[in-house]
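So this one's run35.txt, compact mmCIF, C-alpha atoms:
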```txt
# COMPACT_ATOMS: atom_id res chain seq x y z
CA MET A 26 61.26 27.81 8.81
CA PRO A 27 60.03 31.00 7.13
CA SER A 28 57.04 31.50 4.92
CA ARG A 29 57.42 34.16 2.24
CA LEU A 30 54.66 36.04 0.45
CA HIS A 31 55.75 38.20 -2.49
CA PHE A 32 53.61 41.26 -3.30
CA GLY A 33 53.14 42.74 -6.74
CA GLU A 34 51.93 46.25 -7.42
CA ASP A 35 48.26 45.25 -7.63
CA ASP A 36 48.38 43.24 -4.40
CA PHE A 37 48.62 46.36 -2.24
CA LEU A 38 45.20 47.39 -3.55
CA ARG A 39 43.61 44.04 -2.70
CA CYS A 40 44.58 43.60 0.94
CA ARG A 41 41.63 43.42 3.31
CA PHE A 42 40.67 42.51 6.85
CA ALA A 43 38.13 39.80 7.58
CA ILE A 44 36.55 37.96 10.50
CA SER A 45 35.62 34.29 10.25
CA PRO A 46 33.44 32.42 12.76
CA LEU A 47 34.29 29.21 10.88
CA TRP A 48 38.01 29.83 11.41
CA GLU A 49 37.44 30.41 15.14
CA THR A 50 35.50 27.14 15.31
CA GLN A 51 38.39 25.28 13.72
CA GLU A 52 40.88 26.93 16.10
CA VAL A 53 38.74 26.02 19.14
CA VAL A 54 39.09 22.35 18.15
CA ARG A 55 42.84 22.79 17.76
CA THR A 56 43.13 24.67 21.07
CA LEU A 57 41.41 21.88 23.01
CA LYS A 58 44.23 19.58 21.91
CA ARG A 59 47.12 21.96 22.61
CA PRO A 60 47.81 22.90 26.25
CA GLU A 61 50.28 25.63 25.25
CA ARG A 62 47.30 27.65 23.99
CA HIS A 63 45.30 27.39 27.20
CA GLY A 64 46.76 30.20 29.29
CA TYR A 65 44.55 33.12 28.25
CA HIS A 66 41.48 30.89 27.95
CA ALA A 67 41.57 29.06 31.29
CA PRO A 68 38.24 30.53 32.58
CA TRP A 69 36.49 29.60 29.33
CA LEU A 70 38.03 26.12 29.29
CA ARG A 71 36.75 25.45 32.80
CA ARG A 72 33.28 26.61 31.81
CA ILE A 73 33.02 24.50 28.64
CA ARG A 74 34.83 21.43 29.98
CA ALA A 75 31.73 19.25 30.35
CA ALA A 76 30.26 20.29 26.98
CA ALA A 77 33.57 19.66 25.19
CA ALA A 78 33.86 16.21 26.74
CA GLU A 79 30.55 15.26 25.08
CA LEU A 80 31.92 15.96 21.59
CA ASP A 81 33.81 13.39 19.56
CA LEU A 82 36.56 15.48 17.95
CA THR A 83 38.75 12.57 16.84
CA ALA A 84 37.97 12.98 13.14
CA LEU A 85 38.74 16.70 13.14
CA TRP A 86 41.95 16.19 15.11
CA MET A 87 43.15 13.72 12.44
CA LEU A 88 43.27 16.68 10.04
CA MET A 89 45.17 19.04 12.39
CA PRO A 90 48.76 17.78 12.40
CA ARG A 91 51.33 19.51 14.59
CA ARG A 92 53.38 20.23 11.49
CA GLY A 93 51.97 20.00 8.04
CA HIS A 94 48.85 20.66 6.08
CA SER A 95 45.28 21.12 7.31
CA PRO A 96 42.58 20.94 4.60
CA ASP A 97 41.91 24.36 3.11
CA TRP A 98 38.41 23.36 2.00
CA LEU A 99 37.27 22.74 5.57
CA SER A 100 37.94 26.34 6.63
CA PRO A 101 38.36 28.44 3.48
CA PRO A 102 39.26 32.16 3.51
CA PRO A 103 36.25 34.31 4.46
CA THR A 104 34.56 35.82 1.44
CA GLY A 105 33.71 39.13 3.14
CA PRO A 106 34.62 41.22 6.18
CA ALA A 107 31.88 39.73 8.37
CA ALA A 108 30.51 36.50 6.89
CA THR A 109 28.16 34.53 9.13
CA PHE A 110 28.88 30.97 10.21
CA GLU A 111 25.82 29.81 8.26
CA GLU A 112 27.20 31.35 5.05
CA GLU A 113 30.63 29.85 5.60
CA ILE A 114 29.49 26.32 6.48
CA ALA A 115 27.15 26.34 3.47
CA ALA A 116 30.19 26.98 1.25
CA VAL A 117 32.02 24.08 2.93
CA ARG A 118 29.09 21.73 2.33
CA ALA A 119 28.97 22.78 -1.32
CA HIS A 120 32.68 22.15 -1.95
CA ASP A 121 33.63 19.83 -4.79
CA PRO A 122 34.12 16.37 -3.19
CA VAL A 123 36.86 15.43 -5.66
CA ALA A 124 38.91 18.52 -4.75
CA ALA A 125 38.15 17.94 -1.06
CA ARG A 126 39.43 14.36 -1.36
CA ALA A 127 42.81 15.46 -2.74
CA ASP A 128 43.16 18.20 -0.11
CA THR A 129 42.23 15.80 2.69
CA ALA A 130 44.64 13.13 1.49
CA LYS A 131 47.45 15.70 1.66
CA SER A 132 46.51 16.43 5.26
CA LEU A 133 46.16 12.79 6.31
CA ALA A 134 49.66 12.12 4.98
CA CYS A 135 51.01 14.59 7.60
CA THR A 136 49.71 12.51 10.53
CA PRO A 137 51.48 9.15 10.94
CA GLY A 138 49.08 6.29 10.25
CA ALA A 139 46.11 8.48 9.35
CA LEU A 140 46.19 7.81 5.63
CA GLU A 141 46.07 4.03 6.20
CA SER A 142 43.54 4.17 9.05
CA ALA A 143 39.99 2.87 8.66
CA GLN A 144 38.66 6.43 8.92
CA GLY A 145 41.11 7.79 6.36
CA ARG A 146 40.39 5.03 3.85
CA ALA A 147 36.62 5.48 4.29
CA TRP A 148 36.87 9.21 3.60
CA LEU A 149 38.96 8.77 0.47
CA ARG A 150 36.64 6.03 -0.76
CA ASP A 151 33.53 8.20 -0.35
CA PRO A 152 34.43 11.93 -0.41
CA VAL A 153 30.76 12.97 -0.60
CA ARG A 154 30.17 11.34 2.77
CA MET A 155 33.43 12.82 4.06
CA VAL A 156 32.36 16.37 3.22
CA ARG A 157 29.03 15.80 4.96
CA GLU A 158 30.52 14.23 8.09
CA LEU A 159 33.21 16.83 8.60
CA SER A 160 30.80 19.70 7.93
CA ASP A 161 28.43 18.23 10.51
CA ALA A 162 31.29 17.96 13.02
CA MET A 163 32.29 21.60 12.54
CA GLU A 164 28.68 22.72 12.88
CA GLU A 165 28.28 20.80 16.12
CA VAL A 166 31.38 22.46 17.58
CA TRP A 167 30.07 25.86 16.54
CA HIS A 168 26.69 25.45 18.20
CA THR A 169 28.07 23.80 21.34
CA LEU A 170 31.24 25.76 22.10
CA VAL A 171 31.49 28.90 20.00
CA ALA A 172 28.06 30.36 19.23
CA PRO A 173 27.12 31.08 22.90
CA ASP A 174 30.16 33.38 23.21
CA TRP A 175 30.27 34.66 19.63
CA PRO A 176 29.00 38.21 20.44
CA ARG A 177 31.90 38.63 22.87
CA LEU A 178 34.42 37.10 20.44
CA ARG A 179 33.13 39.11 17.49
CA ALA A 180 33.37 42.37 19.45
CA LEU A 181 37.04 41.72 20.22
CA LEU A 182 37.80 40.80 16.60
CA GLU A 183 35.98 43.86 15.27
CA ALA A 184 37.92 46.07 17.67
CA ASP A 185 41.17 44.58 16.37
CA VAL A 186 40.16 45.25 12.77
CA ALA A 187 39.17 48.84 13.61
CA PHE A 188 42.48 49.50 15.36
CA HIS A 189 44.67 47.97 12.66
CA SER A 190 42.69 49.66 9.89
CA ARG A 191 43.57 53.00 11.46
CA ARG A 192 47.22 51.99 11.74
CA LEU A 193 47.21 50.88 8.09
CA ALA A 194 46.11 54.36 7.10
CA GLU A 195 48.83 55.89 9.29
CA VAL A 196 51.89 53.73 8.56
CA GLY A 197 51.05 51.70 5.44
CA LEU A 198 51.17 47.95 4.97
CA GLY A 199 54.95 47.66 5.34
CA GLY A 200 54.79 49.46 8.69
CA LEU A 201 51.68 47.69 9.94
CA LEU A 202 52.64 44.05 9.45
CA PRO A 203 55.67 44.04 11.80
CA GLU A 204 53.49 45.86 14.38
CA ILE A 205 50.87 43.12 14.27
CA SER A 206 53.38 40.44 15.20
CA GLY A 207 57.08 40.19 15.89
CA ARG A 208 57.02 37.11 13.64
CA PHE A 209 56.28 39.24 10.59
CA GLY A 210 59.11 40.84 8.64
CA TRP A 211 58.80 43.16 5.67
CA ASP A 212 61.45 43.92 3.07
CA ALA A 213 61.00 45.33 -0.42
CA GLY A 214 57.54 43.91 -1.03
CA THR A 215 58.16 40.51 0.57
CA LEU A 216 56.46 39.45 3.80
CA THR A 217 58.39 36.88 5.81
CA VAL A 218 56.49 34.91 8.45
CA GLU A 219 58.12 32.81 11.18
CA PHE A 220 55.98 29.74 10.74
CA ARG A 221 55.93 25.96 11.29
CA GLY A 222 56.62 25.06 7.72
CA GLU A 223 58.23 26.53 4.63
CA HIS A 224 55.89 28.20 2.19
CA GLU A 225 56.59 30.41 -0.80
CA ARG A 226 53.91 32.18 -2.78
CA ARG A 227 53.54 35.08 -5.16
CA LEU A 228 50.22 36.81 -4.59
CA GLU A 229 49.80 37.60 -8.32
CA GLY A 230 47.12 40.22 -7.88
CA GLN A 231 45.00 38.32 -5.34
CA GLY A 232 46.11 40.49 -2.44
CA LEU A 233 46.11 39.28 1.15
CA VAL A 234 43.40 38.64 3.76
CA LEU A 235 44.45 39.77 7.25
CA MET A 236 42.43 37.82 9.80
CA PRO A 237 42.61 38.33 13.58
CA SER A 238 41.88 35.25 15.66
CA VAL A 239 41.02 34.77 19.32
CA PHE A 240 42.16 31.17 19.69
CA ILE A 241 45.29 31.08 17.51
CA TRP A 242 47.64 32.58 20.15
CA PRO A 243 50.62 32.16 20.44
CA ASP A 244 50.81 31.06 16.80
CA VAL A 245 50.52 32.92 13.52
CA VAL A 246 49.49 31.13 10.35
CA SER A 247 50.38 31.95 6.77
CA THR A 248 47.78 29.79 5.18
CA TYR A 249 46.05 28.54 2.02
CA ASP A 250 47.52 27.24 -1.20
CA ALA A 251 46.41 28.30 -4.68
CA PRO A 252 43.73 28.83 -5.86
CA TRP A 253 42.57 30.10 -2.45
CA GLN A 254 43.27 33.73 -1.62
CA PRO A 255 46.41 34.04 0.56
CA THR A 256 45.47 34.65 4.19
CA LEU A 257 47.43 35.66 7.27
CA ALA A 258 45.89 34.75 10.65
CA TYR A 259 47.29 36.39 13.78
CA PRO A 260 46.36 36.73 17.49
CA ALA A 261 43.81 39.46 18.12
CA ARG A 262 44.60 42.33 20.46
CA GLY A 263 43.04 42.29 23.93
CA ILE A 264 42.71 38.56 24.50
CA GLY A 265 44.27 38.95 27.95
CA GLY A 266 41.03 40.45 29.28
CA LEU A 267 38.59 38.53 27.10
CA TRP A 268 37.20 36.25 29.81
CA THR A 269 37.42 38.76 32.68
CA GLU A 270 34.01 39.31 34.24
CA PRO A 271 32.63 42.89 34.40
CA ASP A 272 32.83 43.23 38.19
CA ASP A 273 36.56 42.45 38.01
CA ARG A 274 37.10 45.36 35.59
CA THR A 275 35.13 48.08 37.40
CA PRO A 276 37.00 50.11 40.05
CA ASP A 277 34.96 50.86 43.19
CA ALA A 278 35.80 54.57 42.98
CA LEU A 279 34.37 54.72 39.46
CA VAL A 280 31.17 53.05 40.67
CA ARG A 281 30.76 55.66 43.39
CA LEU A 282 31.30 58.47 40.88
CA LEU A 283 29.18 57.30 37.95
CA GLY A 284 26.90 54.61 39.31
CA ARG A 285 27.34 50.92 38.70
CA GLY A 286 25.84 50.72 35.21
CA ARG A 287 27.74 53.62 33.64
CA ALA A 288 30.94 52.66 35.44
CA ALA A 289 30.68 49.10 34.12
CA VAL A 290 30.16 50.34 30.55
CA LEU A 291 33.12 52.73 30.73
CA ALA A 292 35.40 50.17 32.35
CA ASP A 293 34.47 47.52 29.80
CA LEU A 294 35.49 49.64 26.83
CA GLY A 295 39.18 48.72 26.89
CA GLU A 296 38.56 48.00 23.21
CA PRO A 297 35.92 49.59 20.95
CA ALA A 298 32.59 47.75 21.13
CA THR A 299 28.99 47.97 19.96
CA THR A 300 25.92 48.40 22.15
CA THR A 301 24.95 44.77 21.55
CA ALA A 302 28.38 43.43 22.48
CA LEU A 303 28.47 45.48 25.68
CA ALA A 304 24.99 44.35 26.65
CA HIS A 305 25.95 40.72 26.13
CA ARG A 306 29.16 41.00 28.13
CA LEU A 307 27.66 43.00 30.98
CA GLY A 308 24.36 41.15 31.23
CA LEU A 309 22.37 44.36 30.77
CA ALA A 310 19.45 45.23 28.51
CA PRO A 311 20.58 46.88 25.25
CA SER A 312 18.29 49.84 26.00
CA SER A 313 20.06 50.40 29.34
CA VAL A 314 23.49 50.19 27.74
CA SER A 315 22.39 52.61 25.01
CA ALA A 316 21.23 55.11 27.63
CA HIS A 317 24.53 54.83 29.53
CA LEU A 318 26.51 55.28 26.31
CA SER A 319 24.58 58.44 25.45
CA VAL A 320 25.34 60.01 28.82
CA LEU A 321 29.00 59.01 28.75
CA ARG A 322 29.40 60.33 25.23
CA ALA A 323 27.70 63.63 26.08
CA SER A 324 30.08 63.94 29.03
CA GLY A 325 33.12 63.66 26.78
CA LEU A 326 34.15 60.23 28.10
CA LEU A 327 33.35 58.30 24.91
CA THR A 328 33.41 58.79 21.19
CA SER A 329 31.63 56.79 18.50
CA ARG A 330 32.22 55.93 14.85
CA ARG A 331 30.56 53.75 12.27
CA TYR A 332 32.06 50.41 11.18
CA GLY A 333 30.00 48.88 8.39
CA HIS A 334 26.41 48.71 9.67
CA GLN A 335 27.45 49.02 13.31
CA VAL A 336 28.48 51.83 15.64
CA LEU A 337 31.59 51.28 17.75
CA TYR A 338 32.11 53.18 21.01
CA GLU A 339 35.51 53.81 22.55
CA ARG A 340 36.92 55.83 25.41
CA THR A 341 38.36 59.32 24.93
CA PRO A 342 41.62 60.23 26.69
CA LEU A 343 39.50 61.66 29.51
CA GLY A 344 37.51 58.42 29.72
CA ILE A 345 40.72 56.40 29.83
CA ALA A 346 42.13 58.54 32.64
CA LEU A 347 38.89 58.46 34.62
CA SER A 348 38.57 54.69 34.39
CA GLY A 349 42.10 54.26 35.72
CA ALA A 350 43.13 52.49 32.53
CA GLY A 351 46.14 54.50 31.51
CA ARG A 352 48.15 51.31 31.06
CA ASP A 353 47.97 49.38 27.80
CA GLU A 354 45.19 46.88 28.44
CA THR A 355 45.62 45.20 25.09
CA ALA A 356 49.28 44.26 25.24
CA PRO A 357 49.42 40.54 26.01
CA VAL A 358 51.28 39.50 29.13
CA GLU A 359 52.23 35.88 28.72
CA PRO A 360 50.60 33.82 31.48
CA ALA A 361 52.13 30.94 33.30
CA PRO A 362 51.69 27.71 31.34
CA ASP A 363 48.47 25.86 32.05
CA THR A 364 49.56 22.29 32.69
CA ARG A 365 46.13 20.85 33.34
CA PRO A 366 44.86 18.32 30.82
CA SER A 367 42.77 19.42 27.88
CA PRO A 368 38.99 19.27 28.37
CA SER A 369 38.77 16.59 25.70
CA GLY A 370 41.92 14.59 26.25
CA SER A 371 45.66 14.96 25.94
CA ASP A 372 47.51 16.36 22.95
CA LYS A 373 48.85 14.23 20.13
```

Could you write out this structure as structure tokens?
Amino acid sequence: MPSRLHFGEDDFLRCRFAISPLWETQEVVRTLKRPERHGYHAPWLRRIRAAAAELDLTALWMLMPRRGHSPDWLSPPPTGPAATFEEEIAAVRAHDPVAARADTAKSLACTPGALESAQGRAWLRDPVRMVRELSDAMEEVWHTLVAPDWPRLRALLEADVAFHSRRLAEVGLGGLLPEISGRFGWDAGTLTVEFRGEHERRLEGQGLVLMPSVFIWPDVVSTYDAPWQPTLAYPARGIGGLWTEPDDRTPDALVRLLGRGRAAVLADLGEPATTTALAHRLGLAPSSVSAHLSVLRASGLLTSRRYGHQVLYERTPLGIALSGAGRDETAPVEPAPDTRPSPSGSDK
């Protein structure tokens, strides 16, 4: 069933990209319950299996029906391009309990038996406690499963935003959206999204938040009801190589030519990244990575540009050719289905 978002003249001026660590935390919980999402993340799932098994995610899963509504208040649209998890979870904790109760009741009604369950009745009886308990659960997932890998995840998401921002300038919104996903269609100011649920909304000057996500693949989500700002979440580019270790990405010939450190930095830049992100992924000191980047840039193998308060490095055509990466590293190749059970139990 399609979701349709109707743009007015002012909406084109209020479209923006954003990254949300809170959204990724929510999607991690959902991914643990859905084996069809596991393919790209198999190395990560093996690594976090024991930690995930220690978490009780039952309450959060009650609010993530296969088809239907998930509470908007529990993962609201990001307020800025790079909000921190602490800022986002503080807004969740401060949400009006009465509004949260109504939103949660709508979600519980989408899961058979949830509305009449002991947990569901307790939440609706005491929404203040509900807001606290669910905020605590999200924060525990963040610290246990997401925060340790957030520099790597953030680097990929920032690279996606940088790439699609350039494409927006080149082809406009109507050209960009179908490029982002084959599930997006554009016709005369109306965006149609192939989505699990029918949704119709006029943006009415609020514009649209475009939000790349690591864990949402293979889904796209046209999300949030009024009064929240309309948001479109889509799979980020480059997730196919997200969990590949540096040694697996560095050709031996490149190591012999440049040395192991510089070769690893060049090979790892399949997507633009910051010095900090590269250091985290490669297990090198930021000062060492910075020195390697300076040499590679001076040699014409890299270029740099500013994104907000950060500097992103990416390979030049010469750097791409030298690293043996002439193929499109970011185009997803669908993996074989991962039929192993979820780290925290089977799907609903």

*Report the distance between atom CA of Ser247 of chain A and atom CA of Ala187 of chain A in Å, rounded to one decimal place.*
21.4 Å

_Residue list as a list in words for point (38.7, 62.8, 34.2), cut-off 12 Å, all atoms listed in the file_ = Leu279, Leu282, Leu283, Leu321, Ser324, Gly325, Leu326, Leu327, Arg340, Thr341, Pro342, Leu343, Gly344, Ile345, Ala346, Leu347, Ser348, Gly349, Ala350 and Gly351 of chain A

*Distance atom CA of Ser319 of chain A-atom CA of Thr299 of chain A, one decimal place?*
12.6 Å

_Calculated over only C-alpha atoms, which of the candidates A:His334, A:Leu38, A:Asp128, A:Arg287 has the smallest distance to Leu198 of chain A?_
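Checking each of A:His334, A:Leu38, A:Asp128, A:Arg287 against Leu198 of chain A, counting only C-alpha atoms, the winner is A:Leu38.
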
*Please work out which residues fall within 9 Å of (43.7, 13.9, 2.9), coordinates as given in the file, with all atoms listed in the file counting, and return them as an MDAnalysis selection string.*
chainID A and resid 88 95:96 125:135 139:140 145 148:149

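Between atom CA of Gly214 of chain A and atom CA of Gly199 of chain A the separation is 7.8 Å.
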
_Considering all atoms listed in the file, can you say which of A:Pro122, A:Pro311, A:Pro46, A:Gly138 comes closest to Val171 of chain A?_
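For Val171 of chain A, the nearest of the given residues is A:Pro46.
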
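For the set A:Asp174, A:Trp253, A:Glu158, A:Gly286, the residue with the smallest atom-to-atom gap to Val320 of chain A is A:Gly286, counting all atoms listed in the file.
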
*Looking at all atoms listed in the file, which of A:Asp35, A:Glu61, A:Asp97, A:Glu229 is the one that sits closest to Thr248 of chain A?*
A:Asp97

_Residue with smallest distance to Ala67 of chain A - pool A:Gly230, A:Gly265, A:Gly284, A:Gly308, counting only C-alpha atoms_ =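 For Ala67 of chain A, the nearest of the given residues is A:Gly265.
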
*Using only C-alpha atoms, find the one residue out of A:Trp86, A:Cys40, A:Arg322, A:Val290 that sits nearest to Gly197 of chain A.*
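For Gly197 of chain A, the nearest of the given residues is A:Cys40.
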